[in-house]
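Shown next: start.txt, given as compact mmCIF, C-alpha atoms.
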# COMPACT_ATOMS: atom_id res chain seq x y z
CA MET A 1 104.34 3.05 -125.91
CA ASN A 2 103.40 2.35 -129.53
CA LYS A 3 105.75 4.66 -131.40
CA VAL A 4 103.92 4.29 -134.73
CA HIS A 5 100.75 5.68 -133.19
CA PHE A 6 102.43 8.93 -132.14
CA SER A 7 104.83 9.52 -135.01
CA SER A 8 105.56 8.26 -138.47
CA ASN A 9 108.56 7.18 -140.46
CA THR A 10 106.94 8.53 -143.62
CA ASP A 11 105.21 11.68 -144.81
CA MET A 12 103.15 9.70 -147.34
CA TRP A 13 99.69 8.69 -146.13
CA SER A 14 97.75 6.63 -148.69
CA THR A 15 94.15 7.75 -149.09
CA PRO A 16 91.56 5.21 -147.88
CA GLN A 17 89.78 3.94 -151.02
CA GLU A 18 86.17 4.20 -149.79
CA PHE A 19 86.84 7.73 -148.56
CA PHE A 20 88.24 8.67 -151.98
CA ASN A 21 85.35 7.00 -153.83
CA THR A 22 82.82 9.25 -152.09
CA LEU A 23 84.70 12.39 -153.13
CA ASP A 24 85.37 11.06 -156.64
CA ALA A 25 81.65 10.46 -157.19
CA GLU A 26 81.10 14.19 -156.70
CA HIS A 27 84.22 15.66 -158.31
CA LYS A 28 85.08 13.06 -160.99
CA PHE A 29 88.84 13.41 -160.59
CA THR A 30 91.07 13.28 -163.65
CA LEU A 31 94.50 13.77 -162.04
CA ASP A 32 96.21 12.61 -158.83
CA VAL A 33 99.18 14.93 -158.27
CA CYS A 34 100.91 13.05 -155.41
CA ALA A 35 100.93 9.31 -155.95
CA THR A 36 102.86 6.14 -156.42
CA GLU A 37 101.98 3.48 -158.94
CA GLU A 38 100.61 1.39 -156.06
CA ASN A 39 98.34 4.04 -154.52
CA ALA A 40 97.35 6.29 -157.46
CA LYS A 41 93.67 7.19 -157.35
CA CYS A 42 93.44 8.32 -160.98
CA LYS A 43 94.64 6.84 -164.25
CA THR A 44 96.72 9.99 -164.73
CA PHE A 45 99.02 10.76 -161.81
CA TYR A 46 102.34 12.33 -160.89
CA SER A 47 104.85 10.27 -158.95
CA LYS A 48 107.54 11.56 -156.63
CA GLU A 49 110.05 11.22 -159.47
CA GLN A 50 107.86 13.36 -161.75
CA ASP A 51 107.50 15.95 -158.95
CA GLY A 52 103.94 17.20 -159.14
CA LEU A 53 105.08 20.64 -157.97
CA LYS A 54 106.89 21.07 -161.31
CA GLN A 55 103.97 19.84 -163.44
CA ALA A 56 100.85 21.58 -164.76
CA TRP A 57 97.67 20.58 -162.94
CA THR A 58 94.51 20.53 -165.04
CA GLY A 59 90.97 19.25 -164.80
CA SER A 60 89.50 17.98 -161.57
CA VAL A 61 92.50 17.37 -159.34
CA TRP A 62 92.94 15.11 -156.30
CA MET A 63 95.75 15.98 -153.89
CA ASN A 64 96.86 14.05 -150.84
CA PRO A 65 100.35 15.57 -150.51
CA PRO A 66 103.35 14.52 -148.47
CA TYR A 67 102.62 15.76 -144.94
CA GLY A 68 106.17 16.90 -144.20
CA ARG A 69 107.80 20.33 -144.30
CA GLU A 70 106.98 20.83 -147.99
CA ILE A 71 103.21 20.68 -147.48
CA GLY A 72 102.84 24.46 -147.70
CA LYS A 73 104.24 24.41 -151.25
CA TRP A 74 101.66 21.83 -152.28
CA VAL A 75 98.79 23.77 -150.74
CA ARG A 76 99.96 26.99 -152.40
CA LYS A 77 100.08 25.24 -155.81
CA ALA A 78 96.59 23.82 -155.21
CA TYR A 79 95.23 27.30 -154.51
CA GLU A 80 97.08 28.85 -157.47
CA THR A 81 95.81 26.09 -159.77
CA SER A 82 92.23 26.95 -158.82
CA GLN A 83 92.91 30.54 -159.84
CA LEU A 84 93.79 29.21 -163.32
CA GLY A 85 90.37 27.55 -163.69
CA HIS A 86 90.82 24.05 -162.23
CA THR A 87 89.28 22.51 -159.12
CA VAL A 88 91.65 20.95 -156.58
CA VAL A 89 90.37 18.81 -153.71
CA CYS A 90 92.92 18.24 -150.95
CA LEU A 91 93.13 15.76 -148.11
CA LEU A 92 95.19 17.52 -145.47
CA PRO A 93 96.08 17.34 -141.81
CA ALA A 94 93.87 19.92 -140.06
CA ARG A 95 96.74 22.14 -138.93
CA VAL A 96 94.75 25.32 -138.52
CA ASP A 97 97.59 27.01 -136.63
CA THR A 98 99.97 27.00 -139.61
CA ALA A 99 100.77 29.78 -142.06
CA TRP A 100 99.82 27.62 -145.03
CA TRP A 101 96.37 26.98 -143.58
CA HIS A 102 95.72 30.70 -143.02
CA ASP A 103 97.32 31.81 -146.31
CA TYR A 104 95.52 29.30 -148.55
CA CYS A 105 93.11 26.84 -146.94
CA ALA A 106 91.09 29.62 -145.36
CA LYS A 107 90.37 30.87 -148.92
CA GLY A 108 88.82 27.54 -149.93
CA GLU A 109 85.94 25.48 -148.64
CA PHE A 110 86.86 23.07 -145.89
CA ILE A 111 85.25 20.13 -144.17
CA PHE A 112 86.69 18.81 -140.93
CA ILE A 113 86.63 15.03 -140.80
CA ARG A 114 85.06 13.57 -137.69
CA GLY A 115 87.37 11.14 -135.94
CA ARG A 116 90.72 10.03 -137.31
CA LEU A 117 91.24 8.44 -140.71
CA LYS A 118 92.91 5.08 -141.04
CA PHE A 119 95.22 5.57 -143.99
CA GLY A 120 96.06 2.71 -146.35
CA GLY A 121 98.78 0.41 -145.10
CA HIS A 122 98.61 1.67 -141.52
CA LYS A 123 97.37 -0.50 -138.68
CA ASN A 124 96.27 2.43 -136.50
CA SER A 125 94.33 5.61 -137.18
CA ALA A 126 96.29 8.76 -137.98
CA PRO A 127 97.79 10.62 -135.01
CA PHE A 128 96.25 13.87 -136.29
CA PRO A 129 92.85 15.23 -137.39
CA SER A 130 92.20 15.64 -141.12
CA ALA A 131 90.23 17.97 -143.35
CA ILE A 132 89.13 18.17 -146.95
CA VAL A 133 89.94 21.53 -148.52
CA ILE A 134 88.33 22.38 -151.85
CA PHE A 135 89.73 25.08 -154.07
CA LYS A 136 87.05 25.57 -156.72
CA ALA A 137 87.93 26.68 -160.22
CA LYS A 138 87.84 30.45 -160.61
CA VAL A 139 86.43 31.37 -163.97
What would the structure in this file look like if it were written as structure tokens?
Amino acid sequence: MNKVHFSSNTDMWSTPQEFFNTLDAEHKFTLDVCATEENAKCKTFYSKEQDGLKQAWTGSVWMNPPYGREIGKWVRKAYETSQLGHTVVCLLPARVDTAWWHDYCAKGEFIFIRGRLKFGGHKNSAPFPSAIVIFKAKV
């Protein structure tokens, strides 16, 4: 059995570039809140050391958060940031049975991605379905 296909040693899943480019063309992102220097999608980004959860998010925000136990905190911050007048577009695992999905994602717009994404640096497709959740700026 291919263990990597069914589980992961990391909660970081690098966004596929072409996939991001399509969304960026529409939203013109100015900030990537969960990145490393190697996989940042915007010139301005927050690294793990900077802890995006502790930073202010402004402008048109891209978020592909760590998919571990802390994901609910990231999704809550994305929703709350939209309430302050900023748009946040999130690439998330489509875990529609979770509290964070019902508490926050259900309040945004969401698009379920057909098939499974192949994240950067991974040989196989993700072992989970994905969705784009858009929290539009509330004015």
Env of Ile113 of chain A: 9 Å cut, atoms = all atoms listed in the file, seq-sep filter 2 positions within chain, self excluded. Answer as a PDB file with C-alpha atoms, in the coordinates of the input.
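out16.pdb was written with the following content:
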ATOM      1  CA  ALA A  94      93.870  19.920-140.060  1.00  0.00           C
ATOM      2  CA  ILE A 111      85.250  20.130-144.170  1.00  0.00           C
ATOM      3  CA  GLY A 115      87.370  11.140-135.940  1.00  0.00           C
ATOM      4  CA  ARG A 116      90.720  10.030-137.310  1.00  0.00           C
ATOM      5  CA  LEU A 117      91.240   8.440-140.710  1.00  0.00           C
ATOM      6  CA  PRO A 129      92.850  15.230-137.390  1.00  0.00           C
ATOM      7  CA  SER A 130      92.200  15.640-141.120  1.00  0.00           C
ATOM      8  CA  ALA A 131      90.230  17.970-143.350  1.00  0.00           C
ATOM      9  CA  ILE A 132      89.130  18.170-146.950  1.00  0.00           C
TER      10      ILE A 132
END
Could you tell me how far atom CA of Thr98 of chain A lies from atom CA of Gln83 of chain A, in Å and to one decimal?
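Answer for the atom CA of Thr98 of chain A to atom CA of Gln83 of chain A separation: 21.7 Å.
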Expressed in Å to a single decimal, how great is the separation between atom CA of Ala35 of chain A and atom CA of Phe128 of chain A?
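We find that atom CA of Ala35 of chain A and atom CA of Phe128 of chain A lie 20.7 Å from each other.
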In Å, rounded to a single decimal, give me how far atom CA of Val133 of chain A is from atom CA of Val33 of chain A.
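Atom CA of Val133 of chain A lies at a distance of 15.0 Å from atom CA of Val33 of chain A.
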Quick one: residues within 12 Å of Leu23 of chain A, all atoms listed in the file, excluding same-chain residues fewer than 3 positions away - as a short mmCIF file (atom, residue, chain, number, x, y, z; two decimals) with C-alpha atoms, in the frame of the given file?
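Listing of selection.cif after writing:
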data_model
loop_
_atom_site.label_atom_id
_atom_site.label_comp_id
_atom_site.auth_asym_id
_atom_site.auth_seq_id
_atom_site.Cartn_x
_atom_site.Cartn_y
_atom_site.Cartn_z
CA THR A 15 94.15 7.75 -149.09
CA PRO A 16 91.56 5.21 -147.88
CA GLN A 17 89.78 3.94 -151.02
CA GLU A 18 86.17 4.20 -149.79
CA PHE A 19 86.84 7.73 -148.56
CA PHE A 20 88.24 8.67 -151.98
CA GLU A 26 81.10 14.19 -156.70
CA HIS A 27 84.22 15.66 -158.31
CA LYS A 28 85.08 13.06 -160.99
CA PHE A 29 88.84 13.41 -160.59
CA LYS A 41 93.67 7.19 -157.35
CA SER A 60 89.50 17.98 -161.57
CA VAL A 61 92.50 17.37 -159.34
CA TRP A 62 92.94 15.11 -156.30
CA MET A 63 95.75 15.98 -153.89
CA VAL A 88 91.65 20.95 -156.58
CA VAL A 89 90.37 18.81 -153.71
CA CYS A 90 92.92 18.24 -150.95
CA LEU A 91 93.13 15.76 -148.11
CA ILE A 111 85.25 20.13 -144.17
CA ILE A 132 89.13 18.17 -146.95
CA VAL A 133 89.94 21.53 -148.52
CA ILE A 134 88.33 22.38 -151.85
#
Can you work out which one of A:Phe135, A:Trp57, A:Glu80, A:Gln50 has the shortest atom-to-atom distance to Cys105 of chain A, counting only C-alpha atoms?
A:Phe135
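In this comparison, which uses only C-alpha atoms, the residue of A:Cys34, A:Cys42, A:Ala126, A:Ala56 approaching Leu84 of chain A most closely is A:Ala56.
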As a PDB file with C-alpha atoms, in the coordinates of the input, please: the residues near Tyr104 of chain A (cut-off 10 Å, all atoms listed in the file, same-chain neighbours under 2 positions excluded).
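Here's the written file around33.pdb:
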ATOM      1  CA  GLY A  72     102.840  24.460-147.700  1.00  0.00           C
ATOM      2  CA  VAL A  75      98.790  23.770-150.740  1.00  0.00           C
ATOM      3  CA  ARG A  76      99.960  26.990-152.400  1.00  0.00           C
ATOM      4  CA  LYS A  77     100.080  25.240-155.810  1.00  0.00           C
ATOM      5  CA  ALA A  78      96.590  23.820-155.210  1.00  0.00           C
ATOM      6  CA  TYR A  79      95.230  27.300-154.510  1.00  0.00           C
ATOM      7  CA  GLU A  80      97.080  28.850-157.470  1.00  0.00           C
ATOM      8  CA  ALA A  99     100.770  29.780-142.060  1.00  0.00           C
ATOM      9  CA  TRP A 100      99.820  27.620-145.030  1.00  0.00           C
ATOM     10  CA  TRP A 101      96.370  26.980-143.580  1.00  0.00           C
ATOM     11  CA  HIS A 102      95.720  30.700-143.020  1.00  0.00           C
ATOM     12  CA  ALA A 106      91.090  29.620-145.360  1.00  0.00           C
ATOM     13  CA  LYS A 107      90.370  30.870-148.920  1.00  0.00           C
ATOM     14  CA  GLY A 108      88.820  27.540-149.930  1.00  0.00           C
ATOM     15  CA  VAL A 133      89.940  21.530-148.520  1.00  0.00           C
ATOM     16  CA  PHE A 135      89.730  25.080-154.070  1.00  0.00           C
TER      17      PHE A 135
END
Since the input lacks atoms, please generate N, CA and C atoms for segment 48-73 of chain A and provide them as a PDB file, in the frame of the given file.
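The result, stored in rebuild26.pdb:
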ATOM      1  N   LYS A  48     106.510  10.766-157.292  1.00  0.00           N
ATOM      2  CA  LYS A  48     107.540  11.560-156.630  1.00  0.00           C
ATOM      3  C   LYS A  48     108.652  11.923-157.623  1.00  0.00           C
ATOM      4  N   GLU A  49     108.994  10.979-158.479  1.00  0.00           N
ATOM      5  CA  GLU A  49     110.050  11.220-159.470  1.00  0.00           C
ATOM      6  C   GLU A  49     109.637  12.291-160.482  1.00  0.00           C
ATOM      7  N   GLN A  50     108.354  12.350-160.812  1.00  0.00           N
ATOM      8  CA  GLN A  50     107.860  13.360-161.750  1.00  0.00           C
ATOM      9  C   GLN A  50     107.705  14.716-161.080  1.00  0.00           C
ATOM     10  N   ASP A  51     107.640  14.745-159.768  1.00  0.00           N
ATOM     11  CA  ASP A  51     107.500  15.950-158.950  1.00  0.00           C
ATOM     12  C   ASP A  51     106.311  16.809-159.393  1.00  0.00           C
ATOM     13  N   GLY A  52     105.173  16.488-158.832  1.00  0.00           N
ATOM     14  CA  GLY A  52     103.940  17.200-159.140  1.00  0.00           C
ATOM     15  C   GLY A  52     104.028  18.708-158.977  1.00  0.00           C
ATOM     16  N   LEU A  53     104.930  19.186-158.140  1.00  0.00           N
ATOM     17  CA  LEU A  53     105.080  20.640-157.970  1.00  0.00           C
ATOM     18  C   LEU A  53     105.630  21.297-159.238  1.00  0.00           C
ATOM     19  N   LYS A  54     106.300  20.531-160.077  1.00  0.00           N
ATOM     20  CA  LYS A  54     106.890  21.070-161.310  1.00  0.00           C
ATOM     21  C   LYS A  54     106.000  20.851-162.532  1.00  0.00           C
ATOM     22  N   GLN A  55     104.859  20.185-162.333  1.00  0.00           N
ATOM     23  CA  GLN A  55     103.970  19.840-163.440  1.00  0.00           C
ATOM     24  C   GLN A  55     102.755  20.774-163.467  1.00  0.00           C
ATOM     25  N   ALA A  56     102.115  20.839-164.632  1.00  0.00           N
ATOM     26  CA  ALA A  56     100.850  21.580-164.760  1.00  0.00           C
ATOM     27  C   ALA A  56      99.726  20.699-164.218  1.00  0.00           C
ATOM     28  N   TRP A  57      98.834  21.289-163.463  1.00  0.00           N
ATOM     29  CA  TRP A  57      97.670  20.580-162.940  1.00  0.00           C
ATOM     30  C   TRP A  57      96.455  21.066-163.697  1.00  0.00           C
ATOM     31  N   THR A  58      95.699  20.147-164.275  1.00  0.00           N
ATOM     32  CA  THR A  58      94.510  20.530-165.040  1.00  0.00           C
ATOM     33  C   THR A  58      93.363  19.593-164.718  1.00  0.00           C
ATOM     34  N   GLY A  59      92.165  20.060-164.997  1.00  0.00           N
ATOM     35  CA  GLY A  59      90.970  19.250-164.800  1.00  0.00           C
ATOM     36  C   GLY A  59      90.488  19.283-163.367  1.00  0.00           C
ATOM     37  N   SER A  60      89.969  18.148-162.941  1.00  0.00           N
ATOM     38  CA  SER A  60      89.500  17.980-161.570  1.00  0.00           C
ATOM     39  C   SER A  60      90.595  17.204-160.839  1.00  0.00           C
ATOM     40  N   VAL A  61      91.261  17.868-159.912  1.00  0.00           N
ATOM     41  CA  VAL A  61      92.500  17.370-159.340  1.00  0.00           C
ATOM     42  C   VAL A  61      92.307  16.857-157.914  1.00  0.00           C
ATOM     43  N   TRP A  62      92.896  15.678-157.650  1.00  0.00           N
ATOM     44  CA  TRP A  62      92.940  15.110-156.300  1.00  0.00           C
ATOM     45  C   TRP A  62      94.354  15.309-155.765  1.00  0.00           C
ATOM     46  N   MET A  63      94.448  15.796-154.510  1.00  0.00           N
ATOM     47  CA  MET A  63      95.750  15.980-153.890  1.00  0.00           C
ATOM     48  C   MET A  63      95.748  15.504-152.450  1.00  0.00           C
ATOM     49  N   ASN A  64      96.547  14.496-152.186  1.00  0.00           N
ATOM     50  CA  ASN A  64      96.860  14.050-150.840  1.00  0.00           C
ATOM     51  C   ASN A  64      98.391  14.141-150.770  1.00  0.00           C
ATOM     52  N   PRO A  65      98.904  15.313-150.388  1.00  0.00           N
ATOM     53  CA  PRO A  65     100.350  15.570-150.510  1.00  0.00           C
ATOM     54  C   PRO A  65     101.171  14.922-149.412  1.00  0.00           C
ATOM     55  N   PRO A  66     102.483  14.920-149.593  1.00  0.00           N
ATOM     56  CA  PRO A  66     103.350  14.520-148.470  1.00  0.00           C
ATOM     57  C   PRO A  66     103.098  15.472-147.305  1.00  0.00           C
ATOM     58  N   TYR A  67     102.988  14.941-146.104  1.00  0.00           N
ATOM     59  CA  TYR A  67     102.620  15.760-144.940  1.00  0.00           C
ATOM     60  C   TYR A  67     103.825  16.337-144.208  1.00  0.00           C
ATOM     61  N   GLY A  68     104.974  16.364-144.826  1.00  0.00           N
ATOM     62  CA  GLY A  68     106.170  16.900-144.200  1.00  0.00           C
ATOM     63  C   GLY A  68     106.306  18.408-144.359  1.00  0.00           C
ATOM     64  N   ARG A  69     107.522  18.888-144.269  1.00  0.00           N
ATOM     65  CA  ARG A  69     107.800  20.330-144.300  1.00  0.00           C
ATOM     66  C   ARG A  69     107.427  21.027-145.596  1.00  0.00           C
ATOM     67  N   GLU A  70     107.292  20.256-146.675  1.00  0.00           N
ATOM     68  CA  GLU A  70     106.980  20.830-147.990  1.00  0.00           C
ATOM     69  C   GLU A  70     105.487  21.034-148.210  1.00  0.00           C
ATOM     70  N   ILE A  71     104.657  20.660-147.264  1.00  0.00           N
ATOM     71  CA  ILE A  71     103.210  20.680-147.480  1.00  0.00           C
ATOM     72  C   ILE A  71     102.696  22.062-147.892  1.00  0.00           C
ATOM     73  N   GLY A  72     103.274  23.103-147.349  1.00  0.00           N
ATOM     74  CA  GLY A  72     102.840  24.460-147.700  1.00  0.00           C
ATOM     75  C   GLY A  72     102.992  24.756-149.183  1.00  0.00           C
ATOM     76  N   LYS A  73     104.028  24.219-149.807  1.00  0.00           N
ATOM     77  CA  LYS A  73     104.240  24.410-151.250  1.00  0.00           C
ATOM     78  C   LYS A  73     103.130  23.732-152.054  1.00  0.00           C
TER      79      LYS A  73
END
